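Engineer: Below is entry.txt; it holds compact mmCIF, C-alpha atoms.
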# COMPACT_ATOMS: atom_id res chain seq x y z
CA GLU A 1 33.61 62.89 22.27
CA LEU A 2 33.58 59.34 20.93
CA SER A 3 37.18 59.75 19.77
CA VAL A 4 38.18 60.25 23.40
CA VAL A 5 36.16 57.22 24.46
CA SER A 6 37.93 55.08 21.87
CA TYR A 7 41.35 56.43 22.83
CA LEU A 8 40.71 55.54 26.47
CA ARG A 9 39.12 52.15 25.83
CA ASP A 10 41.28 50.89 22.98
CA HIS A 11 44.67 52.43 23.72
CA VAL A 12 45.01 53.75 27.27
CA ALA A 13 43.12 51.23 29.39
CA PRO A 14 45.25 48.25 28.30
CA LEU A 15 48.38 50.18 29.31
CA LEU A 16 47.08 50.75 32.84
CA VAL A 17 46.35 47.15 33.79
CA GLY A 18 48.73 46.09 36.56
CA THR A 19 50.32 49.51 37.07
CA ASP A 20 50.60 51.26 40.44
CA PRO A 21 47.81 53.88 40.73
CA HIS A 22 49.92 55.93 43.14
CA ARG A 23 52.60 56.63 40.50
CA ILE A 24 50.67 59.57 39.08
CA GLU A 25 53.54 61.48 37.50
CA ASP A 26 55.05 58.33 36.00
CA THR A 27 51.71 57.29 34.53
CA TRP A 28 51.18 60.76 33.07
CA GLN A 29 54.59 60.71 31.41
CA LEU A 30 53.97 57.19 30.10
CA LEU A 31 50.72 58.22 28.45
CA TYR A 32 52.18 61.46 27.06
CA ARG A 33 55.71 60.41 26.04
CA GLY A 34 54.83 56.80 25.31
CA ALA A 35 52.56 57.86 22.46
CA TYR A 36 54.64 58.95 19.47
CA TRP A 37 51.89 61.35 18.35
CA ARG A 38 51.69 63.80 21.24
CA ARG A 39 49.34 66.59 22.29
CA GLY A 40 46.03 67.45 20.67
CA PRO A 41 42.54 67.62 22.18
CA VAL A 42 41.75 63.89 22.01
CA THR A 43 45.01 62.69 23.54
CA MET A 44 45.09 65.31 26.29
CA ALA A 45 41.43 64.81 27.25
CA ALA A 46 42.06 61.08 27.60
CA ILE A 47 45.17 61.64 29.71
CA ALA A 48 43.22 64.12 31.83
CA ALA A 49 40.58 61.50 32.60
CA VAL A 50 43.24 59.13 33.93
CA ASP A 51 45.14 61.83 35.83
CA VAL A 52 42.03 63.10 37.65
CA ALA A 53 41.03 59.52 38.51
CA LEU A 54 44.47 58.78 39.97
CA TRP A 55 44.46 61.94 42.09
CA ASP A 56 40.99 60.95 43.30
CA ILE A 57 42.28 57.49 44.28
CA LYS A 58 45.35 58.84 46.07
CA ALA A 59 43.35 61.42 48.02
CA LYS A 60 40.77 58.80 49.01
CA VAL A 61 43.51 56.49 50.29
CA ALA A 62 44.89 59.42 52.28
CA GLY A 63 41.40 60.20 53.55
CA LEU A 64 41.77 63.84 52.51
CA PRO A 65 40.17 66.20 50.00
CA LEU A 66 42.42 66.66 46.98
CA TYR A 67 43.34 70.27 47.78
CA GLN A 68 45.14 69.07 50.93
CA LEU A 69 47.47 66.96 48.78
CA LEU A 70 48.17 70.03 46.64
CA GLY A 71 49.53 71.98 49.60
CA GLY A 72 46.37 72.88 51.44
CA ALA A 73 44.10 75.89 51.05
CA SER A 74 45.49 79.26 50.00
CA ARG A 75 42.10 80.93 50.48
CA ASP A 76 38.79 80.28 52.18
CA ARG A 77 36.65 80.12 49.03
CA VAL A 78 36.83 80.45 45.25
CA ARG A 79 35.33 83.48 43.53
CA THR A 80 33.33 82.83 40.37
CA TYR A 81 31.78 84.74 37.53
CA GLY A 82 28.51 83.93 35.79
CA HIS A 83 27.20 84.53 32.28
CA ALA A 84 24.89 87.48 31.58
CA ASN A 85 23.51 87.87 28.07
CA GLY A 86 20.73 89.47 26.13
CA ALA A 87 19.62 90.20 22.59
CA ASP A 88 19.36 93.89 23.56
CA LEU A 89 20.14 96.10 26.54
CA PRO A 90 16.89 95.57 28.49
CA GLU A 91 17.25 91.80 28.18
CA LEU A 92 20.94 92.03 29.11
CA PHE A 93 20.15 94.13 32.19
CA ASP A 94 17.57 91.54 33.27
CA SER A 95 20.20 88.82 32.89
CA VAL A 96 22.74 90.78 34.96
CA ARG A 97 20.15 91.25 37.70
CA ALA A 98 19.37 87.53 37.60
CA ARG A 99 23.05 86.61 38.05
CA LEU A 100 23.38 89.08 40.92
CA ALA A 101 20.27 87.58 42.54
CA GLU A 102 21.89 84.14 42.29
CA GLY A 103 24.83 85.44 44.27
CA TYR A 104 27.38 86.13 41.55
CA THR A 105 29.65 89.10 42.18
CA ALA A 106 31.17 89.21 38.67
CA GLY A 107 29.69 88.68 35.24
CA ARG A 108 30.61 87.96 31.65
CA ILE A 109 28.69 90.35 29.40
CA GLN A 110 27.57 89.11 25.96
CA THR A 111 24.98 90.84 23.83
CA GLY A 112 23.31 90.84 20.46
CA VAL A 113 24.65 93.11 17.73
CA PRO A 114 22.23 95.23 15.69
CA GLY A 115 21.82 93.74 12.24
CA LEU A 116 22.96 90.24 13.23
CA LYS A 117 20.41 87.47 13.84
CA THR A 118 22.39 85.09 16.08
CA VAL A 119 25.51 85.93 18.09
CA TYR A 120 27.77 83.83 20.30
CA GLY A 121 26.74 83.71 23.95
CA VAL A 122 23.22 85.08 23.42
CA HIS A 123 20.05 83.00 23.40
CA GLN A 124 16.78 84.13 21.91
CA GLY A 125 13.45 82.50 22.67
CA THR A 126 13.81 78.71 22.67
CA ALA A 127 17.00 78.65 20.63
CA ILE A 128 20.37 79.43 22.12
CA ALA A 129 23.83 79.73 20.70
CA GLU A 130 25.42 78.69 23.96
CA ALA A 131 23.82 77.48 27.18
CA ASP A 132 24.02 80.11 29.89
CA GLY A 133 24.05 77.40 32.53
CA VAL A 134 20.86 78.35 34.33
CA ALA A 135 18.89 75.28 35.40
CA GLY A 136 15.98 74.80 33.04
CA ALA A 137 17.51 76.96 30.31
CA PRO A 138 16.21 76.04 26.86
CA ARG A 139 18.29 73.73 24.72
CA LEU A 140 18.57 73.85 20.97
CA ASP A 141 18.39 70.50 19.17
CA GLN A 142 21.72 70.47 17.34
CA THR A 143 21.82 66.77 16.52
CA ALA A 144 21.20 67.20 12.79
CA ARG A 145 23.25 70.18 11.61
CA PRO A 146 25.17 72.97 13.36
CA VAL A 147 23.42 76.25 13.98
CA VAL A 148 24.80 78.88 11.58
CA GLU A 149 25.48 82.25 13.19
CA ASP A 150 26.20 85.44 11.27
CA TRP A 151 28.95 87.94 11.82
CA ASP A 152 30.04 91.51 11.01
CA THR A 153 33.22 92.61 12.78
CA ARG A 154 32.81 96.33 12.13
CA ALA A 155 29.26 96.32 13.51
CA TYR A 156 30.50 94.42 16.58
CA LEU A 157 33.38 96.83 17.20
CA ARG A 158 31.03 99.81 16.98
CA HIS A 159 28.43 98.27 19.27
CA ILE A 160 30.30 96.63 22.17
CA PRO A 161 31.75 99.81 23.74
CA THR A 162 28.24 101.29 23.92
CA VAL A 163 27.05 98.14 25.70
CA PHE A 164 29.68 98.41 28.41
CA GLU A 165 29.01 102.10 28.82
CA ALA A 166 25.33 101.29 29.39
CA VAL A 167 26.09 98.45 31.82
CA ARG A 168 28.43 100.66 33.84
CA ASN A 169 25.82 103.42 33.94
CA GLU A 170 23.18 100.95 35.11
CA PHE A 171 25.16 98.88 37.61
CA GLY A 172 28.02 101.13 38.67
CA PRO A 173 31.80 100.80 38.74
CA GLU A 174 32.24 98.05 41.32
CA ILE A 175 31.05 94.90 39.53
CA PRO A 176 33.88 93.11 37.68
CA LEU A 177 32.80 92.80 34.04
CA LEU A 178 34.25 90.35 31.53
CA HIS A 179 33.77 89.91 27.80
CA ASP A 180 34.54 87.08 25.37
CA ALA A 181 35.42 87.94 21.76
CA HIS A 182 35.69 84.19 21.05
CA HIS A 183 38.67 84.30 18.67
CA ARG A 184 36.81 86.39 16.09
CA LEU A 185 39.16 89.34 15.67
CA THR A 186 42.45 89.93 13.91
CA PRO A 187 45.25 91.25 16.15
CA ILE A 188 44.73 94.87 15.08
CA GLU A 189 40.95 94.55 15.55
CA ALA A 190 41.55 93.05 18.99
CA ALA A 191 43.87 95.93 19.86
CA ARG A 192 41.20 98.42 18.79
CA LEU A 193 38.56 96.68 20.90
CA GLY A 194 40.77 96.50 23.97
CA LYS A 195 41.58 100.20 23.69
CA SER A 196 37.93 101.20 23.20
CA LEU A 197 36.92 99.23 26.32
CA GLU A 198 39.55 100.78 28.62
CA PRO A 199 37.16 103.44 30.03
CA TYR A 200 34.88 100.68 31.36
CA ASP A 201 37.49 98.90 33.49
CA LEU A 202 37.04 95.34 32.31
CA PHE A 203 38.22 92.49 34.52
CA TRP A 204 39.37 90.96 31.25
CA LEU A 205 38.87 90.66 27.51
CA GLU A 206 38.84 86.96 26.65
CA ASP A 207 40.12 85.25 23.49
CA CYS A 208 40.39 88.51 21.59
CA THR A 209 42.21 86.86 18.68
CA PRO A 210 43.17 83.28 17.75
CA ALA A 211 46.25 82.74 19.89
CA GLU A 212 47.79 79.81 18.02
CA ASN A 213 49.96 82.61 16.62
CA GLN A 214 51.30 83.64 20.01
CA ASP A 215 53.41 86.42 18.53
CA ALA A 216 50.21 88.23 17.46
CA LEU A 217 49.48 89.12 21.08
CA ARG A 218 52.46 91.47 21.11
CA LEU A 219 50.54 93.87 18.89
CA VAL A 220 47.45 93.69 21.12
CA ARG A 221 49.53 94.23 24.26
CA GLU A 222 51.26 97.25 22.79
CA HIS A 223 47.98 99.07 22.17
CA THR A 224 45.77 98.36 25.18
CA THR A 225 45.92 98.07 28.95
CA THR A 226 42.71 96.01 29.10
CA PRO A 227 43.65 92.71 30.82
CA LEU A 228 43.72 89.70 28.49
CA ALA A 229 42.62 86.12 29.16
CA ILE A 230 43.43 83.29 26.75
CA GLY A 231 43.81 79.54 26.57
CA GLU A 232 40.58 77.56 26.81
CA VAL A 233 41.39 75.76 23.54
CA PHE A 234 45.01 75.08 24.48
CA ASN A 235 46.15 71.56 25.36
CA THR A 236 49.72 71.91 26.66
CA VAL A 237 52.16 74.40 28.14
CA PHE A 238 53.82 74.75 24.74
CA ASP A 239 50.78 76.72 23.56
CA TYR A 240 51.62 79.29 26.24
CA GLN A 241 55.39 79.65 26.08
CA THR A 242 55.53 83.03 24.33
CA LEU A 243 52.35 84.34 25.95
CA VAL A 244 53.55 83.63 29.47
CA GLY A 245 57.27 84.17 28.98
CA GLU A 246 56.71 87.66 27.54
CA GLN A 247 53.76 88.47 29.84
CA LEU A 248 51.46 89.06 26.88
CA ILE A 249 48.38 87.90 28.81
CA ASP A 250 47.06 88.24 32.36
CA TYR A 251 45.04 85.04 32.85
CA VAL A 252 45.49 81.46 31.61
CA ARG A 253 42.17 79.80 30.76
CA SER A 254 42.85 76.08 30.26
CA ALA A 255 40.60 73.46 31.81
CA VAL A 256 41.60 70.37 33.76
CA THR A 257 39.69 68.17 31.32
CA HIS A 258 41.39 69.51 28.18
CA PHE A 259 44.92 70.10 29.43
CA GLY A 260 45.90 66.63 30.57
CA GLY A 261 44.57 66.78 34.12
CA VAL A 262 45.51 68.21 37.49
CA SER A 263 49.24 67.44 37.16
CA PRO A 264 50.10 69.59 34.11
CA LEU A 265 47.65 72.36 34.97
CA ARG A 266 49.31 72.82 38.36
CA LYS A 267 52.65 73.11 36.56
CA LEU A 268 51.18 75.70 34.17
CA PHE A 269 49.97 77.78 37.09
CA ASP A 270 53.40 77.61 38.74
CA TYR A 271 54.98 78.73 35.45
CA ALA A 272 52.46 81.55 35.09
CA ALA A 273 53.09 82.69 38.65
CA GLN A 274 56.71 83.45 37.75
CA HIS A 275 55.34 86.12 35.40
CA ASN A 276 52.56 87.60 37.56
CA ILE A 277 49.86 85.79 35.56
CA LYS A 278 46.83 84.31 37.30
CA SER A 279 44.55 81.32 36.81
CA ALA A 280 41.08 81.42 35.26
CA ILE A 281 40.05 77.81 34.64
CA HIS A 282 37.53 77.29 31.84
CA GLY A 283 34.22 76.21 33.37
CA PRO A 284 31.29 75.99 30.94
CA GLU A 285 28.39 73.64 31.58
CA ASP A 286 29.74 71.04 29.14
CA ILE A 287 32.62 70.35 31.53
CA SER A 288 31.07 67.89 33.94
CA PRO A 289 31.11 68.19 37.75
CA VAL A 290 34.13 65.84 37.71
CA GLY A 291 36.25 68.37 35.84
CA MET A 292 34.72 71.24 37.79
CA ALA A 293 35.49 69.63 41.14
CA ALA A 294 39.10 69.04 40.16
CA ALA A 295 39.33 72.68 39.07
CA ILE A 296 37.94 73.95 42.38
CA HIS A 297 40.52 71.95 44.35
CA LEU A 298 43.26 73.57 42.26
CA ASP A 299 41.67 77.01 42.66
CA LEU A 300 41.68 76.66 46.42
CA ALA A 301 45.28 75.45 46.62
CA ILE A 302 47.30 77.62 44.23
CA HIS A 303 48.55 81.06 45.23
CA ASN A 304 48.01 82.83 41.90
CA PHE A 305 44.29 82.18 41.63
CA GLY A 306 42.33 84.72 39.59
CA ILE A 307 38.70 83.69 39.14
CA GLN A 308 36.67 80.59 38.24
CA GLU A 309 34.09 80.44 35.48
CA TYR A 310 30.97 78.68 36.73
CA SER A 311 27.80 78.28 34.69
CA GLY A 312 25.97 75.98 37.06
CA TYR A 313 24.27 72.70 36.15
CA THR A 314 20.80 71.35 35.61
CA ASP A 315 19.10 69.50 38.44
CA ARG A 316 19.49 66.25 36.53
CA THR A 317 23.24 66.75 36.22
CA HIS A 318 23.50 67.33 39.96
CA GLU A 319 21.66 64.03 40.49
CA VAL A 320 23.90 62.00 38.19
CA PHE A 321 27.12 63.58 39.50
CA GLN A 322 26.70 63.71 43.27
CA HIS A 323 29.31 66.16 44.51
CA ALA A 324 30.69 67.71 47.65
CA PHE A 325 31.45 71.12 46.15
CA THR A 326 29.08 73.96 47.00
CA PHE A 327 28.14 77.31 45.47
CA THR A 328 27.30 80.05 47.97
CA ASP A 329 27.22 83.84 47.51
CA GLY A 330 29.05 83.68 44.21
CA HIS A 331 31.82 81.46 45.57
CA LEU A 332 32.67 77.77 45.29
CA HIS A 333 34.26 75.42 47.81
CA PRO A 334 35.33 71.84 47.00
CA GLY A 335 34.09 70.43 50.30
CA GLU A 336 35.89 68.11 52.69
CA ALA A 337 35.04 64.71 51.20
CA ALA A 338 38.04 62.50 50.50
CA GLY A 339 39.22 62.63 46.89
CA ILE A 340 37.77 65.12 44.43
CA GLY A 341 34.37 64.70 46.07
CA VAL A 342 32.32 63.48 43.12
CA GLU A 343 30.52 60.15 42.80
CA LEU A 344 28.86 59.13 39.53
CA ASP A 345 25.47 57.42 39.67
CA GLU A 346 26.19 54.99 36.84
CA GLU A 347 22.69 53.52 36.82
CA MET A 348 21.12 56.95 36.41
CA ALA A 349 23.73 57.94 33.84
CA ALA A 350 22.92 54.83 31.80
CA GLY A 351 19.40 56.16 31.39
CA HIS A 352 20.73 59.06 29.36
CA PRO A 353 22.64 57.59 26.39
CA TYR A 354 25.07 59.64 24.36
CA ALA A 355 23.58 61.78 21.61
CA PRO A 356 25.74 63.63 19.08
CA ALA A 357 25.55 67.40 18.92
CA TYR A 358 27.36 70.22 17.16
CA LEU A 359 28.57 73.57 18.29
CA PRO A 360 27.47 76.43 16.01
CA VAL A 361 29.47 77.63 13.02
CA ASN A 362 29.93 81.24 11.98
CA ARG A 363 29.70 82.86 8.54
CA LEU A 364 30.14 86.38 7.20
CA ALA A 365 27.45 88.09 5.14
CA ASP A 366 28.97 86.75 1.91
CA GLY A 367 28.96 83.19 3.22
CA THR A 368 32.62 82.93 4.19
CA VAL A 369 33.24 80.68 7.19
CA HIS A 370 34.58 82.73 10.11
CA ASP A 371 35.97 81.77 13.50
CA TRP A 372 33.32 80.77 16.02
Reformat the file's structure so that it appears as structure tokens.
Structural biologist:
Amino acid sequence: ELSVVSYLRDHVAPLLVGTDPHRIEDTWQLLYRGAYWRRGPVTMAAIAAVDVALWDIKAKVAGLPLYQLLGGASRDRVRTYGHANGADLPELFDSVRARLAEGYTAGRIQTGVPGLKTVYGVHQGTAIAEADGVAGAPRLDQTARPVVEDWDTRAYLRHIPTVFEAVRNEFGPEIPLLHDAHHRLTPIEAARLGKSLEPYDLFWLEDCTPAENQDALRLVREHTTTPLAIGEVFNTVFDYQTLVGEQLIDYVRSAVTHFGGVSPLRKLFDYAAQHNIKSAIHGPEDISPVGMAAAIHLDLAIHNFGIQEYSGYTDRTHEVFQHAFTFTDGHLHPGEAAGIGVELDEEMAAGHPYAPAYLPVNRLADGTVHDW
């Protein structure tokens, strides 16, 4: 995070002094092409911050919500999915019921695996591997060292189909169910998982294998009809060229904040639309309401919208980032405030200084580091 701060403060900000804030495309190209070392998460996050700010300025000058400058609304509201998780089936069922009670109409299903102590997406007691976004959810102090999770692919591949069978039996065939493999499988393992989940009609299988090797998705595609969603760790359209051009995936998952902003993400969606691929913007709690608001404006405007991930925020976050977007009956709307509709309470934010934290790491039983 501090690398992005330095990039903005020490490199980007001096370049912006005296430039025209309405020249959004020109500024984006300057920041991207003007830096000899292109792409990467730090550079693209910094560019995204500027791009979103410029769209906010332009829409405020126009006196319109951002989505109106993107062509107006293509739908009345934006469908979301929430996170349901549990160490075992009873706990998972309780979590699904809780998401349904909150209004969600679709859910990402993550569960513990017998024999493993800590698994991605599942919290136990006061320690969690990933925040599920519910206000007041417990937080694990990760400021000292990363949490170490354990992993056994064969146990996971045996267990997950039984979980989805149980969820379907409990909640019926109508609820769209999603699952995140979080880059942990080889292509042939991902193909096996996708095939084994076909009877349970998943909305998608997410990040089934590390997709830096885009060609690997050909093998997965050949062996399963389960829809595939990929891209939350991608930074530019070049990460997608094979995946989109050969229709190897069904949903693109990049976030406004990590992909260079509204400008390039809109272009990605237009490219994806040529190949019958839909949007699915990454929306965990660690993307602030600024990035979320920009995403919702895009969701409302584009034609090939798929679904929006939304984990919700704590009450304190809502106070610091005062926003016009609303969540009702499992759907989001960006609101009608001019700009992106978010105002930062800088005084309140200053009362919560930055603290370093780590995401978990993952190891096999023999200690080998595995993808998290």
Engineer: Measuring between all atoms listed in the file, which one of A:Pro176, A:Gly306, A:Pro284, A:Gly115 shows the shortest distance to Leu100 in chain A?
Structural biologist: A:Pro176
Engineer: Report as a list in words all protein, DNA and RNA residues lying within 7 Å of range 320-335 of chain A, evaluated on all atoms listed in the file, omitting residues in the same chain fewer than 6 positions from it.
Structural biologist: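 Result of the neighbour search: Arg77, Val78, Arg79, Thr80, Gly103, Tyr104, Thr105, Pro289, Ala293, Ile296, His297, Gly341, Val342, Glu343, Leu344, Asp345, Met348 and Ala349 of chain A.
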Engineer: Select, from A:Pro227, A:His159, A:Val262, A:Asn276, the residue with the minimum atom-to-atom distance to Val244 in chain A, counting only C-alpha atoms.
Structural biologist: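 Looking only at the distances to Val244 in chain A, the closest residue turns out to be A:Asn276.
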Engineer: Nearest to Leu298 in chain A among A:Glu1, A:Asp207, A:Asp270, A:Glu174, with distances taken over only C-alpha atoms: which residue is it?
Structural biologist: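 Closest residue, counting only C-alpha atoms: A:Asp270.
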Engineer: Name the residues in contact with range 82-89 of chain A at a cut-off of 7 Å, using all atoms listed in the file, excluding same-chain residues fewer than 4 positions from it; report them as a list in words.
Structural biologist: Phe93, Ser95, Val96, Arg99, Tyr104, Ala106, Gly107, Arg108, Ile109, Gln110, Thr111, Gly112, Gly121, Val122, Gln124, Asp132, Glu309, Tyr310 and Ser311 of chain A
Engineer: Which of these residues is nearest to Ser196 in chain A, using only C-alpha atoms: A:Arg363, A:His282, A:His223, A:Arg38?
Structural biologist: A:His223
Engineer: Would you compute the distance between CA of Thr226 in chain A and CA of Asp180 in chain A? Give it in Å to one decimal.
Structural biologist: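 We find that CA of Thr226 in chain A and CA of Asp180 in chain A lie 12.7 Å from each other.
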Engineer: Give me, please, the distance in Å between CA of Ala191 in chain A and CA of Leu359 in chain A, quoted to one decimal.
Structural biologist: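 Value for the CA of Ala191 in chain A-CA of Leu359 in chain A distance: 27.1 Å.
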Engineer: Pick out the residues sitting within 7 Å of Trp151 in chain A, and hand them over as a PyMOL selection string; count all atoms listed in the file, and ignore anything fewer than 3 positions along from it in its own chain.
Structural biologist: chain A and resi 116+362-365
Engineer: Compute the distance from (55.7, 80.5, 36.2) to each atom, counting all atoms listed in the file, keep the residues with any atom at most 12 Å away, and return them as a ChimeraX atom specification; use the coordinates of the file.
Structural biologist: /A:237,240-241,243-247,252,265-279,302-304
Engineer: When you draw a straight line from CA of Thr236 in chain A to CA of Phe259 in chain A, how long is it in Å?
Structural biologist: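 Taking CA of Thr236 in chain A as the start and CA of Phe259 in chain A as the end point, the length is 5.8 Å.
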